[in-house]
$ cat work.tsv   # TSV, N, CA and C atoms and all ligand atoms
chain	number	residue	atom	x	y	z
A	1	MET	N	0.84	-1.20	0.00
A	1	MET	CA	0.00	0.00	0.00
A	1	MET	C	0.88	1.25	0.00
A	2	PRO	N	0.45	2.27	-0.73
A	2	PRO	CA	1.22	3.52	-0.73
A	2	PRO	C	1.11	4.24	0.61
A	3	THR	N	2.11	5.08	0.85
A	3	THR	CA	2.17	5.85	2.09
A	3	THR	C	1.93	7.32	1.79
A	4	VAL	N	1.09	7.94	2.61
A	4	VAL	CA	0.86	9.39	2.52
A	4	VAL	C	1.46	10.02	3.78
A	5	SER	N	2.26	11.05	3.58
A	5	SER	CA	2.87	11.78	4.69
A	5	SER	C	2.42	13.23	4.61
A	6	SER	N	2.06	13.78	5.79
A	6	SER	CA	1.63	15.18	5.82
A	6	SER	C	1.64	15.68	7.26
A	7	LEU	N	2.16	16.87	7.45
A	7	LEU	CA	2.15	17.54	8.77
A	7	LEU	C	2.65	16.63	9.88
A	8	GLY	N	3.70	15.89	9.58
A	8	GLY	CA	4.31	15.04	10.59
A	8	GLY	C	3.60	13.72	10.81
A	9	ARG	N	2.59	13.44	10.02
A	9	ARG	CA	1.85	12.18	10.14
A	9	ARG	C	2.09	11.34	8.90
A	10	THR	N	2.03	10.04	9.07
A	10	THR	CA	2.21	9.12	7.96
A	10	THR	C	1.20	7.98	8.09
A	11	ALA	N	0.63	7.60	6.96
A	11	ALA	CA	-0.33	6.49	6.97
A	11	ALA	C	-0.26	5.73	5.66
A	12	GLU	N	-0.53	4.44	5.73
A	12	GLU	CA	-0.70	3.64	4.53
A	12	GLU	C	-2.15	3.70	4.13
A	13	VAL	N	-2.41	3.91	2.84
A	13	VAL	CA	-3.79	3.99	2.36
A	13	VAL	C	-3.95	3.08	1.15
A	14	ASP	N	-5.18	2.68	0.90
A	14	ASP	CA	-5.46	1.83	-0.24
A	14	ASP	C	-5.20	2.57	-1.55
A	15	VAL	N	-4.65	1.87	-2.51
A	15	VAL	CA	-4.48	2.45	-3.85
A	15	VAL	C	-5.83	2.92	-4.36
A	16	GLY	N	-5.86	4.11	-4.92
A	16	GLY	CA	-7.10	4.65	-5.48
A	16	GLY	C	-7.90	5.50	-4.52
A	17	THR	N	-7.40	5.68	-3.30
A	17	THR	CA	-8.08	6.57	-2.35
A	17	THR	C	-7.89	8.01	-2.79
A	18	ARG	N	-8.95	8.80	-2.72
A	18	ARG	CA	-8.80	10.24	-3.01
A	18	ARG	C	-7.86	10.83	-1.96
A	19	LEU	N	-6.98	11.69	-2.38
A	19	LEU	CA	-6.00	12.25	-1.44
A	19	LEU	C	-6.70	13.03	-0.34
A	20	VAL	N	-7.74	13.77	-0.65
A	20	VAL	CA	-8.45	14.54	0.37
A	20	VAL	C	-9.04	13.60	1.43
A	21	VAL	N	-9.51	12.45	1.00
A	21	VAL	CA	-10.08	11.47	1.93
A	21	VAL	C	-8.97	10.84	2.77
A	22	ALA	N	-7.84	10.57	2.14
A	22	ALA	CA	-6.70	10.01	2.88
A	22	ALA	C	-6.25	10.98	3.98
A	23	LEU	N	-6.16	12.26	3.64
A	23	LEU	CA	-5.72	13.25	4.63
A	23	LEU	C	-6.70	13.29	5.79
A	24	GLU	N	-7.97	13.28	5.51
A	24	GLU	CA	-8.96	13.30	6.58
A	24	GLU	C	-8.85	12.06	7.45
A	25	SER	N	-8.62	10.92	6.82
A	25	SER	CA	-8.50	9.68	7.59
A	25	SER	C	-7.29	9.71	8.51
A	26	MET	N	-6.34	10.60	8.20
A	26	MET	CA	-5.14	10.77	9.05
A	26	MET	C	-5.39	11.79	10.16
A	27	GLY	N	-6.59	12.35	10.20
A	27	GLY	CA	-6.91	13.35	11.22
A	27	GLY	C	-6.52	14.75	10.83
A	28	ILE	N	-6.22	14.94	9.55
A	28	ILE	CA	-5.86	16.28	9.05
A	28	ILE	C	-7.13	16.91	8.47
A	29	GLU	N	-7.53	18.04	9.03
A	29	GLU	CA	-8.80	18.66	8.66
A	29	GLU	C	-8.61	19.64	7.51
A	30	VAL	N	-8.21	19.08	6.37
A	30	VAL	CA	-8.02	19.88	5.16
A	30	VAL	C	-9.38	20.35	4.66
A	31	GLY	N	-9.40	21.55	4.07
A	31	GLY	CA	-10.66	22.07	3.57
A	31	GLY	C	-11.19	21.29	2.38
A	32	HIS	N	-12.50	21.24	2.28
A	32	HIS	CA	-13.18	20.71	1.08
A	32	HIS	C	-14.56	21.36	1.05
A	33	ARG	N	-14.51	22.67	0.93
A	33	ARG	CA	-15.73	23.48	1.07
A	33	ARG	C	-16.75	23.25	-0.04
A	34	CYS	N	-16.33	22.70	-1.17
A	34	CYS	CA	-17.29	22.39	-2.23
A	34	CYS	C	-17.67	20.92	-2.22
A	35	GLY	N	-17.20	20.18	-1.25
A	35	GLY	CA	-17.53	18.76	-1.17
A	35	GLY	C	-16.71	17.89	-2.10
A	36	GLY	N	-15.57	18.42	-2.55
A	36	GLY	CA	-14.68	17.61	-3.38
A	36	GLY	C	-15.02	17.62	-4.85
A	37	LYS	N	-15.56	18.75	-5.34
A	37	LYS	CA	-16.00	18.80	-6.73
A	37	LYS	C	-15.20	19.76	-7.61
A	38	ALA	N	-14.00	20.09	-7.20
A	38	ALA	CA	-13.11	20.96	-8.00
A	38	ALA	C	-13.68	22.34	-8.20
A	39	ARG	N	-14.37	22.87	-7.21
A	39	ARG	CA	-14.98	24.20	-7.36
A	39	ARG	C	-14.41	25.25	-6.42
A	40	CYS	N	-13.74	24.83	-5.33
A	40	CYS	CA	-13.42	25.82	-4.30
A	40	CYS	C	-11.92	26.07	-4.09
A	41	THR	N	-11.10	25.12	-4.34
A	41	THR	CA	-9.65	25.09	-4.15
A	41	THR	C	-9.22	25.03	-2.68
A	42	THR	N	-10.16	24.88	-1.74
A	42	THR	CA	-9.75	24.83	-0.33
A	42	THR	C	-9.04	23.51	0.03
A	43	CYS	N	-9.09	22.54	-0.86
A	43	CYS	CA	-8.40	21.27	-0.61
A	43	CYS	C	-6.98	21.29	-1.13
A	44	ARG	N	-6.51	22.45	-1.54
A	44	ARG	CA	-5.23	22.50	-2.25
A	44	ARG	C	-4.04	22.15	-1.35
A	45	VAL	N	-3.08	21.52	-1.98
A	45	VAL	CA	-1.87	21.07	-1.29
A	45	VAL	C	-0.66	21.37	-2.15
A	46	THR	N	0.49	21.44	-1.49
A	46	THR	CA	1.75	21.42	-2.22
A	46	THR	C	2.39	20.06	-1.98
A	47	PHE	N	3.16	19.63	-2.96
A	47	PHE	CA	3.82	18.32	-2.89
A	47	PHE	C	5.29	18.48	-2.53
A	48	GLU	N	5.73	17.70	-1.57
A	48	GLU	CA	7.16	17.57	-1.29
A	48	GLU	C	7.72	16.36	-2.03
A	49	ALA	N	6.87	15.36	-2.29
A	49	ALA	CA	7.30	14.15	-2.99
A	49	ALA	C	6.09	13.45	-3.57
A	50	GLY	N	6.32	12.79	-4.68
A	50	GLY	CA	5.32	11.91	-5.25
A	50	GLY	C	4.19	12.58	-6.00
A	51	GLU	N	4.42	13.79	-6.50
A	51	GLU	CA	3.34	14.47	-7.23
A	51	GLU	C	3.01	13.69	-8.50
A	52	PRO	N	1.76	13.30	-8.66
A	52	PRO	CA	1.40	12.55	-9.87
A	52	PRO	C	1.35	13.47	-11.09
A	53	ALA	N	1.75	12.95	-12.23
A	53	ALA	CA	1.71	13.73	-13.46
A	53	ALA	C	0.30	13.89	-13.96
A	54	LYS	N	-0.52	12.88	-13.76
A	54	LYS	CA	-1.86	12.98	-14.33
A	54	LYS	C	-2.75	13.89	-13.50
A	55	MET	N	-3.61	14.59	-14.20
A	55	MET	CA	-4.53	15.55	-13.57
A	55	MET	C	-5.90	15.39	-14.21
A	56	THR	N	-6.93	15.68	-13.45
A	56	THR	CA	-8.25	15.70	-14.07
A	56	THR	C	-8.40	17.02	-14.83
A	57	ARG	N	-9.22	16.98	-15.86
A	57	ARG	CA	-9.49	18.21	-16.61
A	57	ARG	C	-10.10	19.27	-15.68
A	58	ALA	N	-10.94	18.83	-14.76
A	58	ALA	CA	-11.58	19.77	-13.82
A	58	ALA	C	-10.52	20.44	-12.94
A	59	GLU	N	-9.49	19.69	-12.53
A	59	GLU	CA	-8.42	20.27	-11.72
A	59	GLU	C	-7.64	21.30	-12.52
A	60	VAL	N	-7.27	20.94	-13.73
A	60	VAL	CA	-6.54	21.88	-14.58
A	60	VAL	C	-7.34	23.17	-14.76
A	61	ASP	N	-8.60	23.02	-15.09
A	61	ASP	CA	-9.42	24.21	-15.36
A	61	ASP	C	-9.56	25.08	-14.12
A	62	LYS	N	-9.80	24.47	-12.95
A	62	LYS	CA	-9.99	25.25	-11.74
A	62	LYS	C	-8.69	25.93	-11.31
A	63	LEU	N	-7.58	25.20	-11.37
A	63	LEU	CA	-6.30	25.81	-10.98
A	63	LEU	C	-5.92	26.92	-11.94
A	64	ARG	N	-6.16	26.72	-13.21
A	64	ARG	CA	-5.83	27.76	-14.19
A	64	ARG	C	-6.69	29.00	-13.96
A	65	ASP	N	-7.99	28.79	-13.75
A	65	ASP	CA	-8.90	29.92	-13.52
A	65	ASP	C	-8.54	30.69	-12.25
A	66	SER	N	-7.95	29.98	-11.27
A	66	SER	CA	-7.60	30.59	-9.99
A	66	SER	C	-6.17	31.10	-9.95
A	67	GLY	N	-5.44	30.95	-11.04
A	67	GLY	CA	-4.05	31.39	-11.07
A	67	GLY	C	-3.13	30.51	-10.25
A	68	LEU	N	-3.53	29.26	-10.03
A	68	LEU	CA	-2.77	28.37	-9.16
A	68	LEU	C	-2.12	27.21	-9.92
A	69	LEU	N	-2.33	27.14	-11.22
A	69	LEU	CA	-1.78	26.03	-11.98
A	69	LEU	C	-0.25	26.09	-11.95
A	70	GLY	N	0.37	24.99	-11.54
A	70	GLY	CA	1.82	24.93	-11.46
A	70	GLY	C	2.36	25.17	-10.07
A	71	SER	N	1.52	25.67	-9.16
A	71	SER	CA	2.01	25.92	-7.80
A	71	SER	C	1.34	25.03	-6.76
A	72	THR	N	0.11	24.63	-7.01
A	72	THR	CA	-0.58	23.76	-6.05
A	72	THR	C	-1.37	22.70	-6.81
A	73	ARG	N	-1.90	21.75	-6.07
A	73	ARG	CA	-2.77	20.73	-6.62
A	73	ARG	C	-4.02	20.61	-5.76
A	74	LEU	N	-5.07	20.09	-6.34
A	74	LEU	CA	-6.33	19.89	-5.62
A	74	LEU	C	-6.39	18.45	-5.12
A	75	SER	N	-6.38	18.29	-3.81
A	75	SER	CA	-6.34	16.94	-3.26
A	75	SER	C	-7.62	16.17	-3.53
A	76	CYS	N	-8.71	16.87	-3.85
A	76	CYS	CA	-9.95	16.15	-4.17
A	76	CYS	C	-9.91	15.55	-5.56
A	77	GLN	N	-8.91	15.93	-6.36
A	77	GLN	CA	-8.82	15.46	-7.74
A	77	GLN	C	-7.67	14.48	-7.95
A	78	ILE	N	-7.09	14.01	-6.85
A	78	ILE	CA	-5.92	13.14	-6.93
A	78	ILE	C	-6.22	11.80	-6.27
A	79	LEU	N	-5.87	10.73	-6.98
A	79	LEU	CA	-5.97	9.40	-6.41
A	79	LEU	C	-4.59	8.96	-5.96
A	80	VAL	N	-4.50	8.44	-4.76
A	80	VAL	CA	-3.21	7.97	-4.24
A	80	VAL	C	-2.86	6.66	-4.95
A	81	ASP	N	-1.78	6.70	-5.73
A	81	ASP	CA	-1.35	5.49	-6.42
A	81	ASP	C	0.12	5.18	-6.15
A	82	ASP	N	0.74	6.02	-5.32
A	82	ASP	CA	2.14	5.82	-4.96
A	82	ASP	C	2.41	6.65	-3.70
A	83	ASP	N	3.61	6.52	-3.14
A	83	ASP	CA	3.93	7.30	-1.95
A	83	ASP	C	3.85	8.80	-2.26
A	84	MET	N	3.31	9.56	-1.32
A	84	MET	CA	3.16	10.99	-1.49
A	84	MET	C	3.44	11.71	-0.19
A	85	ALA	N	4.05	12.90	-0.29
A	85	ALA	CA	4.24	13.78	0.87
A	85	ALA	C	3.70	15.14	0.48
A	86	VAL	N	2.74	15.64	1.25
A	86	VAL	CA	2.05	16.88	0.88
A	86	VAL	C	1.85	17.77	2.09
A	87	THR	N	1.63	19.05	1.81
A	87	THR	CA	1.24	20.02	2.84
A	87	THR	C	-0.06	20.67	2.43
A	88	PRO	N	-1.12	20.49	3.22
A	88	PRO	CA	-2.36	21.19	2.93
A	88	PRO	C	-2.21	22.67	3.23
A	89	LEU	N	-2.80	23.52	2.40
A	89	LEU	CA	-2.63	24.96	2.56
A	89	LEU	C	-3.79	25.62	3.29
A	90	MET	N	-4.94	24.95	3.35
A	90	MET	CA	-6.10	25.51	4.05
A	90	MET	C	-6.72	24.41	4.91
A	91	THR	N	-6.68	24.60	6.22
A	91	THR	CA	-7.26	23.61	7.14
A	91	THR	C	-8.24	24.33	8.06
A	92	MET	N	-9.03	23.55	8.78
A	92	MET	CA	-9.94	24.15	9.76
A	92	MET	C	-9.17	25.05	10.72
A	93	GLU	N	-8.02	24.60	11.12
A	93	GLU	CA	-7.24	25.36	12.10
A	93	GLU	C	-6.74	26.68	11.50
A	94	THR	N	-6.19	26.62	10.29
A	94	THR	CA	-5.63	27.85	9.72
A	94	THR	C	-6.71	28.83	9.29
A	95	GLU	N	-7.89	28.32	8.93
A	95	GLU	CA	-8.94	29.19	8.40
A	95	GLU	C	-10.00	29.55	9.42
A	96	GLY	N	-10.01	28.88	10.58
A	96	GLY	CA	-11.00	29.18	11.61
A	96	GLY	C	-12.40	28.69	11.28
A	97	TRP	N	-12.48	27.68	10.41
A	97	TRP	CA	-13.79	27.11	10.07
A	97	TRP	C	-14.30	26.25	11.22
A	98	THR	N	-15.62	26.09	11.27
A	98	THR	CA	-16.20	25.16	12.26
A	98	THR	C	-16.28	23.75	11.71
A	99	ASP	N	-16.19	23.63	10.38
A	99	ASP	CA	-16.11	22.31	9.75
A	99	ASP	C	-15.36	22.48	8.43
A	100	PRO	N	-14.78	21.40	7.91
A	100	PRO	CA	-13.99	21.53	6.69
A	100	PRO	C	-14.83	21.61	5.42
A	101	GLY	N	-16.11	21.25	5.49
A	101	GLY	CA	-16.98	21.27	4.32
A	101	GLY	C	-17.73	19.97	4.17
A	102	PRO	N	-18.63	19.91	3.19
A	102	PRO	CA	-19.39	18.68	2.97
A	102	PRO	C	-18.46	17.50	2.67
A	103	PRO	N	-18.77	16.32	3.17
A	103	PRO	CA	-17.88	15.17	2.96
A	103	PRO	C	-17.70	14.83	1.49
A	104	PRO	N	-16.47	14.70	1.03
A	104	PRO	CA	-16.25	14.26	-0.36
A	104	PRO	C	-16.66	12.81	-0.52
A	105	ARG	N	-17.20	12.47	-1.68
A	105	ARG	CA	-17.52	11.08	-1.97
A	105	ARG	C	-16.23	10.29	-2.18
A	106	ALA	N	-16.36	8.97	-2.18
A	106	ALA	CA	-15.19	8.11	-2.37
A	106	ALA	C	-14.64	8.24	-3.78
A	107	ARG	N	-15.51	8.53	-4.75
A	107	ARG	CA	-15.08	8.64	-6.15
A	107	ARG	C	-14.88	10.11	-6.52
A	108	ILE	N	-13.97	10.34	-7.43
A	108	ILE	CA	-13.70	11.70	-7.89
A	108	ILE	C	-14.94	12.28	-8.57
A	109	GLU	N	-15.25	13.51	-8.20
A	109	GLU	CA	-16.30	14.29	-8.85
A	109	GLU	C	-15.71	15.60	-9.35
A	110	PRO	N	-16.14	16.14	-10.49
A	110	PRO	CA	-16.99	15.46	-11.46
A	110	PRO	C	-16.28	14.24	-12.06
A	111	TYR	N	-17.03	13.39	-12.76
A	111	TYR	CA	-16.43	12.19	-13.34
A	111	TYR	C	-15.16	12.59	-14.08
A	112	PRO	N	-14.03	11.96	-13.75
A	112	PRO	CA	-12.76	12.48	-14.27
A	112	PRO	C	-12.49	12.19	-15.74
A	113	THR	N	-12.00	13.24	-16.39
A	113	THR	CA	-11.36	13.12	-17.70
A	113	THR	C	-9.89	13.41	-17.43
A	114	TRP	N	-9.01	12.45	-17.72
A	114	TRP	CA	-7.61	12.58	-17.31
A	114	TRP	C	-6.77	13.25	-18.40
A	115	THR	N	-5.85	14.08	-17.93
A	115	THR	CA	-4.86	14.68	-18.81
A	115	THR	C	-3.53	14.61	-18.05
A	116	THR	N	-2.51	15.29	-18.53
A	116	THR	CA	-1.23	15.30	-17.84
A	116	THR	C	-0.79	16.74	-17.61
A	117	ARG	N	0.18	16.91	-16.73
A	117	ARG	CA	0.70	18.26	-16.50
A	117	ARG	C	1.25	18.85	-17.80
A	118	GLU	N	1.94	18.01	-18.56
A	118	GLU	CA	2.54	18.51	-19.80
A	118	GLU	C	1.45	18.96	-20.77
A	119	ALA	N	0.43	18.16	-20.93
A	119	ALA	CA	-0.65	18.53	-21.83
A	119	ALA	C	-1.37	19.77	-21.31
A	120	ALA	N	-1.52	19.86	-20.00
A	120	ALA	CA	-2.19	21.03	-19.42
A	120	ALA	C	-1.36	22.29	-19.68
A	121	ASN	N	-0.05	22.18	-19.51
A	121	ASN	CA	0.81	23.34	-19.72
A	121	ASN	C	0.76	23.82	-21.16
A	122	GLU	N	0.59	22.89	-22.08
A	122	GLU	CA	0.53	23.27	-23.49
A	122	GLU	C	-0.74	24.04	-23.81
A	123	THR	N	-1.75	23.93	-22.96
A	123	THR	CA	-3.02	24.60	-23.25
A	123	THR	C	-3.27	25.82	-22.37
A	124	ILE	N	-2.22	26.31	-21.69
A	124	ILE	CA	-2.39	27.45	-20.79
A	124	ILE	C	-2.73	28.72	-21.57
A	125	ASP	N	-2.12	28.92	-22.73
A	125	ASP	CA	-2.32	30.18	-23.45
A	125	ASP	C	-3.70	30.38	-23.98
B	1	LIG	S1	-11.82	22.00	-4.99
B	1	LIG	FE1	-13.29	22.04	-3.43
B	1	LIG	S2	-12.76	20.30	-2.29
B	1	LIG	FE2	-11.32	20.26	-3.87
$ encode --input "work.tsv" --output "structure tokens"
Amino acid sequence: MPTVSSLGRTAEVDVGTRLVVALESMGIEVGHRCGGKARCTTCRVTFEAGEPAKMTRAEVDKLRDSGLLGSTRLSCQILVDDDMAVTPLMTMETEGWTDPGPPPRARIEPYPTWTTREAANETID
């Protein structure tokens, strides 16, 4: 099983787990104010290791529209398929929320259309 590391915590998670769900299962209250649908960016993380090349079209579009493409990733749009080390940028603690948002479903929403970072970069202009 792959290992997810974040904020000094480490856990083994099943292959195919959404990263946002993995972080929550580790007790990390990362934001997911849109319920994991690539609409809010509160689930965003930076990668220290294991950043996957593949991205959902919804992630590319949201990060590009928010000016965040290339600097952060949306944990609701990432499936854990290998070891990863990440830092969430918006948590209940840092934002003063009373809850992180509606629970994300186990499957990626919207239904994913996959692309790659390279392909996404070619379509930035
Ligand atoms: S973009 Fe809203 S939870 Fe990921």
$ residues_near_ligand --input "work.tsv" --ligand "ligand LIG 1 (chain B)" --cutoff "6 Å" --atoms "all atoms listed in the file" --output "JSON, numbers by chain"
{"A": [31, 32, 33, 34, 35, 36, 37, 38, 39, 40, 41, 42, 43, 44, 74, 75, 76, 77]}
$ write_last_selection --input "work.tsv" --atoms "N, CA and C atoms" --output "compact mmCIF listing (two decimals), in the coordinates of the input"
# COMPACT_ATOMS: atom_id res chain seq x y z
N GLY A 31 -9.40 21.55 4.07
CA GLY A 31 -10.66 22.07 3.57
C GLY A 31 -11.19 21.29 2.38
N HIS A 32 -12.50 21.24 2.28
CA HIS A 32 -13.18 20.71 1.08
C HIS A 32 -14.56 21.36 1.05
N ARG A 33 -14.51 22.67 0.93
CA ARG A 33 -15.73 23.48 1.07
C ARG A 33 -16.75 23.25 -0.04
N CYS A 34 -16.33 22.70 -1.17
CA CYS A 34 -17.29 22.39 -2.23
C CYS A 34 -17.67 20.92 -2.22
N GLY A 35 -17.20 20.18 -1.25
CA GLY A 35 -17.53 18.76 -1.17
C GLY A 35 -16.71 17.89 -2.10
N GLY A 36 -15.57 18.42 -2.55
CA GLY A 36 -14.68 17.61 -3.38
C GLY A 36 -15.02 17.62 -4.85
N LYS A 37 -15.56 18.75 -5.34
CA LYS A 37 -16.00 18.80 -6.73
C LYS A 37 -15.20 19.76 -7.61
N ALA A 38 -14.00 20.09 -7.20
CA ALA A 38 -13.11 20.96 -8.00
C ALA A 38 -13.68 22.34 -8.20
N ARG A 39 -14.37 22.87 -7.21
CA ARG A 39 -14.98 24.20 -7.36
C ARG A 39 -14.41 25.25 -6.42
N CYS A 40 -13.74 24.83 -5.33
CA CYS A 40 -13.42 25.82 -4.30
C CYS A 40 -11.92 26.07 -4.09
N THR A 41 -11.10 25.12 -4.34
CA THR A 41 -9.65 25.09 -4.15
C THR A 41 -9.22 25.03 -2.68
N THR A 42 -10.16 24.88 -1.74
CA THR A 42 -9.75 24.83 -0.33
C THR A 42 -9.04 23.51 0.03
N CYS A 43 -9.09 22.54 -0.86
CA CYS A 43 -8.40 21.27 -0.61
C CYS A 43 -6.98 21.29 -1.13
N ARG A 44 -6.51 22.45 -1.54
CA ARG A 44 -5.23 22.50 -2.25
C ARG A 44 -4.04 22.15 -1.35
N LEU A 74 -5.07 20.09 -6.34
CA LEU A 74 -6.33 19.89 -5.62
C LEU A 74 -6.39 18.45 -5.12
N SER A 75 -6.38 18.29 -3.81
CA SER A 75 -6.34 16.94 -3.26
C SER A 75 -7.62 16.17 -3.53
N CYS A 76 -8.71 16.87 -3.85
CA CYS A 76 -9.95 16.15 -4.17
C CYS A 76 -9.91 15.55 -5.56
N GLN A 77 -8.91 15.93 -6.36
CA GLN A 77 -8.82 15.46 -7.74
C GLN A 77 -7.67 14.48 -7.95
$ atom_distance --input "work.tsv" --atom1 "CA of Pro104 (chain A)" --atom2 "atom C of Glu118 (chain A)"
27.4 Å
$ closest_residue --input "work.tsv" --among "A:Glu24, A:Leu19, A:Tyr111, A:Met1" --to "Thr56 (chain A)" --atoms "all atoms listed in the file"
A:Tyr111
$ closest_residue --input "work.tsv" --among "A:Arg64, A:Gly70, A:Lys54, A:Asp81" --to "Glu12 (chain A)" --atoms "only C-alpha atoms"
A:Asp81
$ closest_residue --input "work.tsv" --among "A:Val21, A:Leu89, A:Arg117, A:Met26" --to "Pro102 (chain A)" --atoms "only C-alpha atoms"
A:Val21
$ closest_residue --input "work.tsv" --among "A:Val20, A:Val86, A:Val80, A:Leu63" --to "Ala49 (chain A)" --atoms "all atoms listed in the file"
A:Val86
$ select_by_dssp --input "work.tsv" --residues "region 1-58 of chain A" --states "strand (DSSP E or B)" --output "list of chain:residue names"
A:Thr3, A:Val4, A:Ser5, A:Ser6, A:Arg9, A:Thr10, A:Ala11, A:Glu12, A:Thr17, A:Arg18, A:Val30, A:Arg44, A:Val45, A:Thr46, A:Phe47, A:Glu48, A:Ala49, A:Lys54, A:Met55, A:Thr56
$ atom_distance --input "work.tsv" --atom1 "atom C of Ser66 (chain A)" --atom2 "CA of Met90 (chain A)"
15.1 Å
$ atom_distance --input "work.tsv" --atom1 "CA of Arg73 (chain A)" --atom2 "CA of Thr98 (chain A)"
23.6 Å
$ closest_residue --input "work.tsv" --among "A:Asp99, A:Ala85, A:Met55, A:Asp65" --to "Thr113 (chain A)" --atoms "only C-alpha atoms"
A:Met55
$ closest_residue --input "work.tsv" --among "A:Gly50, A:Gly67, A:Pro103, A:Gly96" --to "Val4 (chain A)" --atoms "only C-alpha atoms"
A:Gly50
$ residues_around --input "work.tsv" --residues "Ala106 (chain A)" --least-positions-apart "2" --cutoff "7 Å" --atoms "all atoms listed in the file" --output "number ranges by chain"
A: 17-18, 104, 108-109
$ write_last_selection --input "work.tsv" --atoms "N, CA and C atoms" --output "PDB file, keeping the file's coordinate frame"
ATOM      1  N   THR A  17      -7.400   5.680  -3.300  1.00  0.00           N
ATOM      2  CA  THR A  17      -8.080   6.570  -2.350  1.00  0.00           C
ATOM      3  C   THR A  17      -7.890   8.010  -2.790  1.00  0.00           C
ATOM      4  N   ARG A  18      -8.950   8.800  -2.720  1.00  0.00           N
ATOM      5  CA  ARG A  18      -8.800  10.240  -3.010  1.00  0.00           C
ATOM      6  C   ARG A  18      -7.860  10.830  -1.960  1.00  0.00           C
ATOM      7  N   PRO A 104     -16.470  14.700   1.030  1.00  0.00           N
ATOM      8  CA  PRO A 104     -16.250  14.260  -0.360  1.00  0.00           C
ATOM      9  C   PRO A 104     -16.660  12.810  -0.520  1.00  0.00           C
ATOM     10  N   ILE A 108     -13.970  10.340  -7.430  1.00  0.00           N
ATOM     11  CA  ILE A 108     -13.700  11.700  -7.890  1.00  0.00           C
ATOM     12  C   ILE A 108     -14.940  12.280  -8.570  1.00  0.00           C
ATOM     13  N   GLU A 109     -15.250  13.510  -8.200  1.00  0.00           N
ATOM     14  CA  GLU A 109     -16.300  14.290  -8.850  1.00  0.00           C
ATOM     15  C   GLU A 109     -15.710  15.600  -9.350  1.00  0.00           C
TER      16      GLU A 109
END
$ select_by_dssp --input "work.tsv" --residues "chain A" --states "alpha helix (DSSP H)" --output "list in words"
Leu19, Val20, Val21, Ala22, Leu23, Glu24, Ser25, Arg57, Ala58, Glu59, Val60, Asp61, Lys62, Leu63, Arg64, Asp65, Met92, Glu93, Thr94, Glu95, Arg117, Glu118, Ala119, Ala120, Asn121 and Glu122 of chain A
$ residues_near_point --input "work.tsv" --point "(1.8, 13.9, 4.4)" --cutoff "7 Å" --atoms "only N, CA and C atoms" --output "PDB file with N, CA and C atoms, in the coordinates of the input"
ATOM      1  N   VAL A   4       1.090   7.940   2.610  1.00  0.00           N
ATOM      2  CA  VAL A   4       0.860   9.390   2.520  1.00  0.00           C
ATOM      3  C   VAL A   4       1.460  10.020   3.780  1.00  0.00           C
ATOM      4  N   SER A   5       2.260  11.050   3.580  1.00  0.00           N
ATOM      5  CA  SER A   5       2.870  11.780   4.690  1.00  0.00           C
ATOM      6  C   SER A   5       2.420  13.230   4.610  1.00  0.00           C
ATOM      7  N   SER A   6       2.060  13.780   5.790  1.00  0.00           N
ATOM      8  CA  SER A   6       1.630  15.180   5.820  1.00  0.00           C
ATOM      9  C   SER A   6       1.640  15.680   7.260  1.00  0.00           C
ATOM     10  N   LEU A   7       2.160  16.870   7.450  1.00  0.00           N
ATOM     11  CA  LEU A   7       2.150  17.540   8.770  1.00  0.00           C
ATOM     12  C   LEU A   7       2.650  16.630   9.880  1.00  0.00           C
ATOM     13  N   GLY A   8       3.700  15.890   9.580  1.00  0.00           N
ATOM     14  CA  GLY A   8       4.310  15.040  10.590  1.00  0.00           C
ATOM     15  C   GLY A   8       3.600  13.720  10.810  1.00  0.00           C
ATOM     16  N   ARG A   9       2.590  13.440  10.020  1.00  0.00           N
ATOM     17  CA  ARG A   9       1.850  12.180  10.140  1.00  0.00           C
ATOM     18  C   ARG A   9       2.090  11.340   8.900  1.00  0.00           C
ATOM     19  N   THR A  10       2.030  10.040   9.070  1.00  0.00           N
ATOM     20  CA  THR A  10       2.210   9.120   7.960  1.00  0.00           C
ATOM     21  C   THR A  10       1.200   7.980   8.090  1.00  0.00           C
ATOM     22  N   ALA A  11       0.630   7.600   6.960  1.00  0.00           N
ATOM     23  CA  ALA A  11      -0.330   6.490   6.970  1.00  0.00           C
ATOM     24  C   ALA A  11      -0.260   5.730   5.660  1.00  0.00           C
ATOM     25  N   MET A  84       3.310   9.560  -1.320  1.00  0.00           N
ATOM     26  CA  MET A  84       3.160  10.990  -1.490  1.00  0.00           C
ATOM     27  C   MET A  84       3.440  11.710  -0.190  1.00  0.00           C
ATOM     28  N   ALA A  85       4.050  12.900  -0.290  1.00  0.00           N
ATOM     29  CA  ALA A  85       4.240  13.780   0.870  1.00  0.00           C
ATOM     30  C   ALA A  85       3.700  15.140   0.480  1.00  0.00           C
ATOM     31  N   VAL A  86       2.740  15.640   1.250  1.00  0.00           N
ATOM     32  CA  VAL A  86       2.050  16.880   0.880  1.00  0.00           C
ATOM     33  C   VAL A  86       1.850  17.770   2.090  1.00  0.00           C
ATOM     34  N   THR A  87       1.630  19.050   1.810  1.00  0.00           N
ATOM     35  CA  THR A  87       1.240  20.020   2.840  1.00  0.00           C
ATOM     36  C   THR A  87      -0.060  20.670   2.430  1.00  0.00           C
TER      37      THR A  87
END
